[in-house]
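Have a look at start_7.json below; it lists JSON, C-alpha atoms.
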```json
[["chain", "number", "residue", "atom", "x", "y", "z"],
["A", 1037, "MET", "CA", 0.00, 0.00, 0.00],
["A", 1038, "ASN", "CA", 1.30, 3.38, -0.97],
["A", 1039, "ILE", "CA", -0.74, 5.60, 1.30],
["A", 1040, "LYS", "CA", 0.33, 9.15, 1.96],
["A", 1041, "PHE", "CA", -0.26, 9.84, 5.63],
["A", 1042, "ASP", "CA", -0.04, 13.53, 6.48],
["A", 1043, "ALA", "CA", 2.50, 15.21, 8.76],
["A", 1044, "LYS", "CA", 0.54, 13.94, 11.76],
["A", 1045, "GLY", "CA", 0.48, 10.39, 10.40],
["A", 1046, "LEU", "CA", -3.20, 10.57, 9.50],
["A", 1047, "VAL", "CA", -5.32, 10.12, 6.42],
["A", 1048, "PRO", "CA", -9.00, 11.07, 6.08],
["A", 1049, "ALA", "CA", -11.40, 8.16, 5.60],
["A", 1050, "VAL", "CA", -14.86, 8.61, 4.10],
["A", 1051, "VAL", "CA", -17.33, 6.01, 5.33],
["A", 1052, "GLN", "CA", -20.11, 5.04, 2.96],
["A", 1053, "ASP", "CA", -23.04, 2.72, 3.64],
["A", 1054, "ALA", "CA", -22.49, -0.31, 1.41],
["A", 1055, "GLY", "CA", -26.22, -0.84, 1.14],
["A", 1056, "SER", "CA", -27.77, 2.58, 0.67],
["A", 1057, "GLY", "CA", -24.72, 4.37, -0.72],
["A", 1058, "GLU", "CA", -25.23, 7.13, 1.84],
["A", 1059, "VAL", "CA", -22.09, 8.95, 3.00],
["A", 1060, "LEU", "CA", -22.12, 8.44, 6.76],
["A", 1061, "MET", "CA", -19.08, 10.15, 8.26],
["A", 1062, "VAL", "CA", -15.50, 11.23, 7.72],
["A", 1063, "ALA", "CA", -12.88, 10.37, 10.30],
["A", 1064, "TYR", "CA", -9.10, 9.89, 10.34],
["A", 1065, "MET", "CA", -6.97, 6.77, 10.36],
["A", 1066, "ASN", "CA", -3.34, 6.32, 11.27],
["A", 1067, "GLU", "CA", -1.41, 3.31, 10.04],
["A", 1068, "GLU", "CA", -2.44, 1.17, 12.99],
["A", 1069, "ALA", "CA", -6.15, 2.04, 12.63],
["A", 1070, "LEU", "CA", -5.99, 1.08, 8.97],
["A", 1071, "ARG", "CA", -4.18, -2.15, 9.80],
["A", 1072, "ARG", "CA", -6.82, -3.07, 12.39],
["A", 1073, "THR", "CA", -9.66, -2.15, 10.02],
["A", 1074, "LEU", "CA", -8.24, -4.43, 7.36],
["A", 1075, "SER", "CA", -7.48, -7.29, 9.73],
["A", 1076, "THR", "CA", -10.67, -7.20, 11.83],
["A", 1077, "GLY", "CA", -13.22, -6.14, 9.23],
["A", 1078, "GLU", "CA", -14.55, -3.44, 11.57],
["A", 1079, "ALA", "CA", -13.85, 0.28, 11.30],
["A", 1080, "TRP", "CA", -11.08, 1.68, 13.45],
["A", 1081, "PHE", "CA", -10.00, 5.32, 13.44],
["A", 1082, "TYR", "CA", -7.62, 7.63, 15.26],
["A", 1083, "SER", "CA", -9.43, 10.17, 17.41],
["A", 1084, "ARG", "CA", -7.78, 13.54, 16.92],
["A", 1085, "SER", "CA", -9.49, 14.99, 19.99],
["A", 1086, "ARG", "CA", -8.69, 12.10, 22.33],
["A", 1087, "GLN", "CA", -5.40, 11.33, 20.57],
["A", 1088, "GLU", "CA", -5.96, 7.61, 20.69],
["A", 1089, "LEU", "CA", -7.02, 4.66, 18.59],
["A", 1090, "TRP", "CA", -10.77, 4.48, 18.34],
["A", 1091, "HIS", "CA", -12.71, 1.32, 17.64],
["A", 1092, "LYS", "CA", -15.86, 2.89, 16.26],
["A", 1093, "GLY", "CA", -18.89, 1.69, 18.23],
["A", 1094, "ALA", "CA", -16.87, -0.16, 20.86],
["A", 1095, "THR", "CA", -18.85, 1.65, 23.56],
["A", 1096, "SER", "CA", -22.20, 2.24, 21.83],
["A", 1097, "GLY", "CA", -22.30, -1.06, 20.01],
["A", 1098, "ASN", "CA", -22.74, 0.84, 16.76],
["A", 1099, "ARG", "CA", -19.79, -0.75, 15.07],
["A", 1100, "ILE", "CA", -19.27, -0.67, 11.31],
["A", 1101, "LYS", "CA", -18.76, -3.95, 9.44],
["A", 1102, "VAL", "CA", -16.34, -3.11, 6.65],
["A", 1103, "GLU", "CA", -16.87, -4.46, 3.16],
["A", 1104, "SER", "CA", -14.13, -2.70, 1.21],
["A", 1105, "VAL", "CA", -11.39, -0.11, 1.56],
["A", 1106, "TRP", "CA", -10.21, 2.02, -1.34],
["A", 1107, "MET", "CA", -7.58, 4.70, -1.71],
["A", 1108, "ASP", "CA", -7.85, 7.62, -4.08],
["A", 1109, "CYS", "CA", -5.66, 8.35, -7.10],
["A", 1110, "ASP", "CA", -2.97, 10.16, -5.14],
["A", 1111, "GLY", "CA", -3.18, 7.96, -2.06],
["A", 1112, "ASP", "CA", -4.04, 10.65, 0.46],
["A", 1113, "THR", "CA", -7.68, 9.74, 1.13],
["A", 1114, "LEU", "CA", -9.47, 6.48, 1.93],
["A", 1115, "LEU", "CA", -13.00, 5.32, 1.17],
["A", 1116, "VAL", "CA", -14.45, 2.66, 3.44],
["A", 1117, "THR", "CA", -17.69, 0.95, 2.53],
["A", 1118, "GLY", "CA", -19.51, -0.97, 5.20],
["A", 1119, "ARG", "CA", -22.66, -1.83, 7.09],
["A", 1120, "PRO", "CA", -23.24, 0.14, 10.29],
["A", 1121, "LEU", "CA", -24.84, -1.80, 13.15],
["A", 1122, "GLY", "CA", -26.62, 1.35, 14.36],
["A", 1123, "PRO", "CA", -26.65, 5.12, 13.98],
["A", 1124, "VAL", "CA", -23.19, 6.32, 12.99],
["A", 1125, "CYS", "CA", -23.42, 9.86, 14.35],
["A", 1126, "HIS", "CA", -22.91, 10.66, 18.02],
["A", 1127, "THR", "CA", -26.14, 12.68, 17.82],
["A", 1128, "GLY", "CA", -28.05, 9.47, 17.10],
["A", 1129, "ALA", "CA", -28.55, 10.37, 13.44],
["A", 1130, "ARG", "CA", -28.05, 7.74, 10.76],
["A", 1131, "THR", "CA", -25.41, 9.90, 9.10],
["A", 1132, "CYS", "CA", -23.25, 12.78, 10.34],
["A", 1133, "PHE", "CA", -24.28, 14.81, 7.27],
["A", 1134, "PHE", "CA", -27.76, 15.93, 8.28],
["A", 1135, "GLN", "CA", -27.31, 19.70, 8.06],
["A", 1136, "ARG", "CA", -27.92, 21.12, 4.62],
["A", 1137, "LEU", "CA", -26.16, 24.39, 3.91],
["A", 1138, "ASP", "CA", -27.81, 25.47, 0.77],
["A", 1139, "ARG", "CA", -29.97, 25.04, -2.17],
["A", 1140, "PRO", "CA", -27.56, 26.04, -4.95],
["A", 1141, "GLY", "CA", -29.06, 28.82, -7.00],
["A", 1142, "GLY", "CA", -31.62, 29.40, -4.27],
["A", 1143, "GLY", "CA", -31.68, 30.40, -0.63],
["A", 1144, "THR", "CA", -29.94, 28.94, 2.37],
["A", 1145, "SER", "CA", -31.61, 26.57, 4.79],
["A", 1146, "GLN", "CA", -30.84, 24.02, 7.43],
["A", 1147, "GLU", "CA", -32.90, 20.92, 7.79],
["A", 1148, "GLU", "CA", -32.73, 17.63, 9.59],
["A", 1149, "SER", "CA", -33.05, 14.61, 7.36],
["A", 1150, "ALA", "CA", -32.09, 11.89, 9.80],
["B", 1352, "MET", "CA", -23.07, 28.65, 8.52],
["B", 1353, "ASN", "CA", -20.97, 27.45, 11.38],
["B", 1354, "ILE", "CA", -18.18, 25.71, 9.55],
["B", 1355, "LYS", "CA", -14.93, 24.91, 11.30],
["B", 1356, "PHE", "CA", -12.15, 25.62, 8.86],
["B", 1357, "ASP", "CA", -8.81, 24.19, 9.99],
["B", 1358, "ALA", "CA", -5.66, 26.15, 10.86],
["B", 1359, "LYS", "CA", -4.99, 26.60, 7.14],
["B", 1360, "GLY", "CA", -8.52, 27.87, 6.51],
["B", 1361, "LEU", "CA", -9.58, 24.66, 4.79],
["B", 1362, "VAL", "CA", -12.26, 22.03, 5.19],
["B", 1363, "PRO", "CA", -12.37, 18.66, 3.42],
["B", 1364, "ALA", "CA", -15.25, 18.20, 0.97],
["B", 1365, "VAL", "CA", -16.45, 14.78, -0.13],
["B", 1366, "VAL", "CA", -18.00, 14.83, -3.60],
["B", 1367, "GLN", "CA", -20.73, 12.29, -4.27],
["B", 1368, "ASP", "CA", -22.48, 11.62, -7.57],
["B", 1369, "ALA", "CA", -26.08, 12.69, -7.05],
["B", 1370, "GLY", "CA", -27.26, 10.08, -9.51],
["B", 1371, "SER", "CA", -25.28, 6.92, -8.80],
["B", 1372, "GLY", "CA", -24.35, 7.66, -5.18],
["B", 1373, "GLU", "CA", -20.73, 6.93, -6.02],
["B", 1374, "VAL", "CA", -18.10, 8.78, -3.98],
["B", 1375, "LEU", "CA", -16.05, 10.58, -6.61],
["B", 1376, "MET", "CA", -13.32, 12.56, -4.88],
["B", 1377, "VAL", "CA", -12.27, 14.43, -1.77],
["B", 1378, "ALA", "CA", -10.80, 17.91, -2.08],
["B", 1379, "TYR", "CA", -10.52, 20.97, 0.14],
["B", 1380, "MET", "CA", -12.46, 24.21, 0.23],
["B", 1381, "ASN", "CA", -11.62, 27.50, 1.79],
["B", 1382, "GLU", "CA", -14.32, 30.02, 2.59],
["B", 1383, "GLU", "CA", -14.16, 31.60, -0.86],
["B", 1384, "ALA", "CA", -14.37, 28.24, -2.66],
["B", 1385, "LEU", "CA", -17.43, 27.36, -0.62],
["B", 1386, "ARG", "CA", -18.99, 30.74, -1.32],
["B", 1387, "ARG", "CA", -18.44, 30.33, -5.06],
["B", 1388, "THR", "CA", -19.76, 26.76, -5.00],
["B", 1389, "LEU", "CA", -22.95, 27.91, -3.32],
["B", 1390, "SER", "CA", -23.40, 30.97, -5.53],
["B", 1391, "THR", "CA", -22.51, 29.42, -8.90],
["B", 1392, "GLY", "CA", -23.84, 25.86, -8.46],
["B", 1393, "GLU", "CA", -20.53, 24.43, -9.69],
["B", 1394, "ALA", "CA", -17.82, 22.88, -7.52],
["B", 1395, "TRP", "CA", -14.91, 25.10, -6.51],
["B", 1396, "PHE", "CA", -12.05, 23.98, -4.31],
["B", 1397, "TYR", "CA", -8.76, 25.29, -2.97],
["B", 1398, "SER", "CA", -5.78, 23.51, -4.47],
["B", 1399, "ARG", "CA", -3.31, 22.77, -1.69],
["B", 1400, "SER", "CA", -0.52, 21.99, -4.17],
["B", 1401, "ARG", "CA", -1.02, 25.06, -6.34],
["B", 1402, "GLN", "CA", -2.20, 27.19, -3.41],
["B", 1403, "GLU", "CA", -4.99, 28.81, -5.38],
["B", 1404, "LEU", "CA", -8.71, 28.69, -5.95],
["B", 1405, "TRP", "CA", -9.62, 25.87, -8.28],
["B", 1406, "HIS", "CA", -12.75, 25.82, -10.41],
["B", 1407, "LYS", "CA", -12.98, 22.05, -10.91],
["B", 1408, "GLY", "CA", -13.09, 21.27, -14.63],
["B", 1409, "ALA", "CA", -12.44, 24.83, -15.79],
["B", 1410, "THR", "CA", -9.67, 23.53, -18.04],
["B", 1411, "SER", "CA", -10.89, 20.01, -18.85],
["B", 1412, "GLY", "CA", -14.55, 20.92, -19.14],
["B", 1413, "ASN", "CA", -15.33, 18.24, -16.55],
["B", 1414, "ARG", "CA", -17.12, 20.59, -14.21],
["B", 1415, "ILE", "CA", -19.41, 19.37, -11.44],
["B", 1416, "LYS", "CA", -22.96, 20.69, -11.27],
["B", 1417, "VAL", "CA", -23.76, 20.89, -7.57],
["B", 1418, "GLU", "CA", -27.12, 19.76, -6.25],
["B", 1419, "SER", "CA", -26.61, 20.06, -2.50],
["B", 1420, "VAL", "CA", -24.01, 20.89, 0.13],
["B", 1421, "TRP", "CA", -24.12, 19.43, 3.63],
["B", 1422, "MET", "CA", -21.93, 19.83, 6.69],
["B", 1423, "ASP", "CA", -21.34, 17.11, 9.23],
["B", 1424, "CYS", "CA", -22.40, 17.11, 12.88],
["B", 1425, "ASP", "CA", -19.34, 18.97, 14.12],
["B", 1426, "GLY", "CA", -19.00, 21.26, 11.12],
["B", 1427, "ASP", "CA", -15.51, 20.25, 10.04],
["B", 1428, "THR", "CA", -16.36, 18.29, 6.87],
["B", 1429, "LEU", "CA", -18.56, 19.01, 3.87],
["B", 1430, "LEU", "CA", -20.50, 16.69, 1.59],
["B", 1431, "VAL", "CA", -21.24, 17.95, -1.92],
["B", 1432, "THR", "CA", -23.64, 16.06, -4.13],
["B", 1433, "GLY", "CA", -23.63, 16.82, -7.80],
["B", 1434, "ARG", "CA", -23.55, 15.71, -11.40],
["B", 1435, "PRO", "CA", -20.09, 15.56, -13.03],
["B", 1436, "LEU", "CA", -19.96, 16.58, -16.69],
["B", 1437, "GLY", "CA", -17.14, 14.08, -17.32],
["B", 1438, "PRO", "CA", -14.58, 11.93, -15.53],
["B", 1439, "VAL", "CA", -13.75, 13.46, -12.16],
["B", 1440, "CYS", "CA", -10.28, 12.00, -11.71],
["B", 1441, "HIS", "CA", -7.22, 13.50, -13.41],
["B", 1442, "THR", "CA", -6.39, 9.93, -14.53],
["B", 1443, "GLY", "CA", -9.54, 9.90, -16.62],
["B", 1444, "ALA", "CA", -11.33, 7.54, -14.24],
["B", 1445, "ARG", "CA", -14.93, 8.19, -13.31],
["B", 1446, "THR", "CA", -13.97, 8.33, -9.63],
["B", 1447, "CYS", "CA", -10.68, 8.93, -7.83],
["B", 1448, "PHE", "CA", -11.33, 5.83, -5.72],
["B", 1449, "PHE", "CA", -10.40, 3.06, -8.14],
["B", 1450, "GLN", "CA", -7.66, 1.32, -6.13],
["B", 1451, "ARG", "CA", -8.94, -1.29, -3.75],
["B", 1452, "LEU", "CA", -6.69, -2.00, -0.78],
["B", 1453, "ASP", "CA", -8.19, -5.08, 0.61],
["B", 1454, "ARG", "CA", -10.76, -7.70, 0.92],
["B", 1455, "PRO", "CA", -11.44, -7.52, 4.68],
["B", 1456, "GLY", "CA", -10.97, -10.93, 6.22],
["B", 1457, "GLY", "CA", -9.15, -12.04, 3.08],
["B", 1458, "GLY", "CA", -6.07, -11.10, 1.13],
["B", 1459, "THR", "CA", -4.93, -7.78, -0.26],
["B", 1460, "SER", "CA", -5.35, -6.80, -3.85],
["B", 1461, "GLN", "CA", -5.41, -3.81, -6.13],
["B", 1462, "GLU", "CA", -7.81, -3.60, -8.98],
["B", 1463, "GLU", "CA", -9.08, -1.01, -11.40],
["B", 1464, "SER", "CA", -12.84, -0.65, -11.43],
["B", 1465, "ALA", "CA", -13.15, 2.53, -13.45]]
```
Let me see the structure of the file written as structure tokens.
Amino acid sequence: MNIKFDAKGLVPAVVQDAGSGEVLMVAYMNEEALRRTLSTGEAWFYSRSRQELWHKGATSGNRIKVESVWMDCDGDTLLVTGRPLGPVCHTGARTCFFQRLDRPGGGTSQEESA
Amino acid sequence: MNIKFDAKGLVPAVVQDAGSGEVLMVAYMNEEALRRTLSTGEAWFYSRSRQELWHKGATSGNRIKVESVWMDCDGDTLLVTGRPLGPVCHTGARTCFFQRLDRPGGGTSQEESA
């Protein structure tokens, strides 16, 4: 693997629902989180705020069963597809992306879709 | 909008095909790129390598017609859905994510799906 981790040893990882195609969250992996994700088949990240490895859903039970991991053309971003066992967002929403900024060409609004 | 730009004034933006649901690319926006994306309905980014505003597809013609822009729960990542007018990746691939790292629970492989 020829992944370009940044100066902090991290790479952003987009998580997509393998069933619905919905983009669920973006978090960061270091080399160890990626290794564990690949070896265990569950999503691991590196928490930038807690500065520690983070087994997603270890506490809540809302783990993510990983189906595939991809890297982008220049190797500095990952895409993880998987099946979440529960809501992915800490707010309880299905996806972290529930706040709409805009309607391009129109006004600005915020709505909750979760 | 309550977006948390990082120390460099940037926020990662995931671009998803509004039709197929495919994740196409991840790039970075600064405040001006976001403003232009919202006002023009086409995707603008900030090129970290060239250190300048980047109207995606301005040269190649492969612009992205934006349908919606979302921010995540903590405001530090954007999700842009849209319709690309051509291949998104500079390699000519439909998506930048064409290199598979793994088959979780199995071996490791790389394949081209584009």
Can you tell me how far CA of Phe1448 (chain B) sits from CA of Met1107 (chain A), in Å to one decimal?
5.6 Å
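Separating CA of Ser1075 (chain A) from CA of Pro1120 (chain A) is a distance of 17.4 Å.
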What's the separation between CA of Ala1394 (chain B) and CA of Gly1057 (chain A), in Å to one decimal place?
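A separation of 20.9 Å between them.
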Select from chain B every residue with an atom at most 8 Å from any atom of chain A, then for each give the shortest pair of atoms and their distance in Å to one decimal, using only C-alpha atoms, rows by chain and rising number, as a tab-separated table.
```
residue	atom	partner	partner_atom	distance
B:Met1352	CA	A:Leu1137	CA	7.0
B:Val1365	CA	A:Val1050	CA	7.6
B:Gly1372	CA	A:Gly1057	CA	5.6
B:Glu1373	CA	A:Gly1057	CA	7.1
B:Met1376	CA	A:Asp1108	CA	7.4
B:Val1377	CA	A:Thr1113	CA	7.2
B:Thr1388	CA	A:Pro1140	CA	7.8
B:Leu1389	CA	A:Pro1140	CA	5.2
B:Ser1390	CA	A:Gly1141	CA	6.2
B:Thr1391	CA	A:Gly1141	CA	6.8
B:Gly1392	CA	A:Pro1140	CA	5.1
B:Val1417	CA	A:Pro1140	CA	6.9
B:Glu1418	CA	A:Pro1140	CA	6.4
B:Ser1419	CA	A:Arg1139	CA	6.0
B:Val1420	CA	A:Leu1137	CA	5.6
B:Trp1421	CA	A:Arg1136	CA	4.3
B:Met1422	CA	A:Gln1135	CA	5.6
B:Asp1423	CA	A:Phe1133	CA	4.2
B:Cys1424	CA	A:Cys1132	CA	5.1
B:Thr1428	CA	A:Val1062	CA	7.2
B:Leu1429	CA	A:Phe1133	CA	7.9
B:Leu1430	CA	A:Phe1133	CA	7.1
B:Cys1440	CA	A:Cys1109	CA	7.5
B:Thr1442	CA	A:Cys1109	CA	7.6
B:Cys1447	CA	A:Asp1108	CA	4.9
B:Phe1448	CA	A:Asp1108	CA	4.2
B:Phe1449	CA	A:Asp1108	CA	6.6
B:Gln1450	CA	A:Trp1106	CA	5.5
B:Arg1451	CA	A:Trp1106	CA	4.3
B:Leu1452	CA	A:Trp1106	CA	5.4
B:Asp1453	CA	A:Val1105	CA	6.0
B:Arg1454	CA	A:Ser1104	CA	6.0
B:Pro1455	CA	A:Gly1077	CA	5.1
B:Gly1456	CA	A:Gly1077	CA	6.1
```
With 6 Å added on each side, what axis-aligned box encloses every listed atom of region 1076-1079 of chain A? Give the centre and edge lengths in Å to one decimal, as AutoDock Vina command-line options.
```
--center_x -12.6 --center_y -3.5 --center_z 10.5 --size_x 15.9 --size_y 19.5 --size_z 14.6
```
Nearest candidate to Gly1097 (chain A) (options A:Leu1070, A:Val1047, A:Leu1121, A:Met1065; using only C-alpha atoms):
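Nearest candidate to Gly1097 (chain A) out of A:Leu1070, A:Val1047, A:Leu1121, A:Met1065: A:Leu1121.
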Which residues are close to Glu1068 (chain A), i.e. within 9 Å by only C-alpha atoms, leaving aside same-chain residues fewer than 3 positions away? Reply as a PDB file with C-alpha atoms, in the frame of the given file.
```pdb
ATOM      1  CA  MET A1065      -6.970   6.770  10.360  1.00  0.00           C
ATOM      2  CA  ARG A1071      -4.180  -2.150   9.800  1.00  0.00           C
ATOM      3  CA  ARG A1072      -6.820  -3.070  12.390  1.00  0.00           C
ATOM      4  CA  THR A1073      -9.660  -2.150  10.020  1.00  0.00           C
ATOM      5  CA  TRP A1080     -11.080   1.680  13.450  1.00  0.00           C
ATOM      6  CA  PHE A1081     -10.000   5.320  13.440  1.00  0.00           C
ATOM      7  CA  TYR A1082      -7.620   7.630  15.260  1.00  0.00           C
ATOM      8  CA  LEU A1089      -7.020   4.660  18.590  1.00  0.00           C
TER       9      LEU A1089
END
```
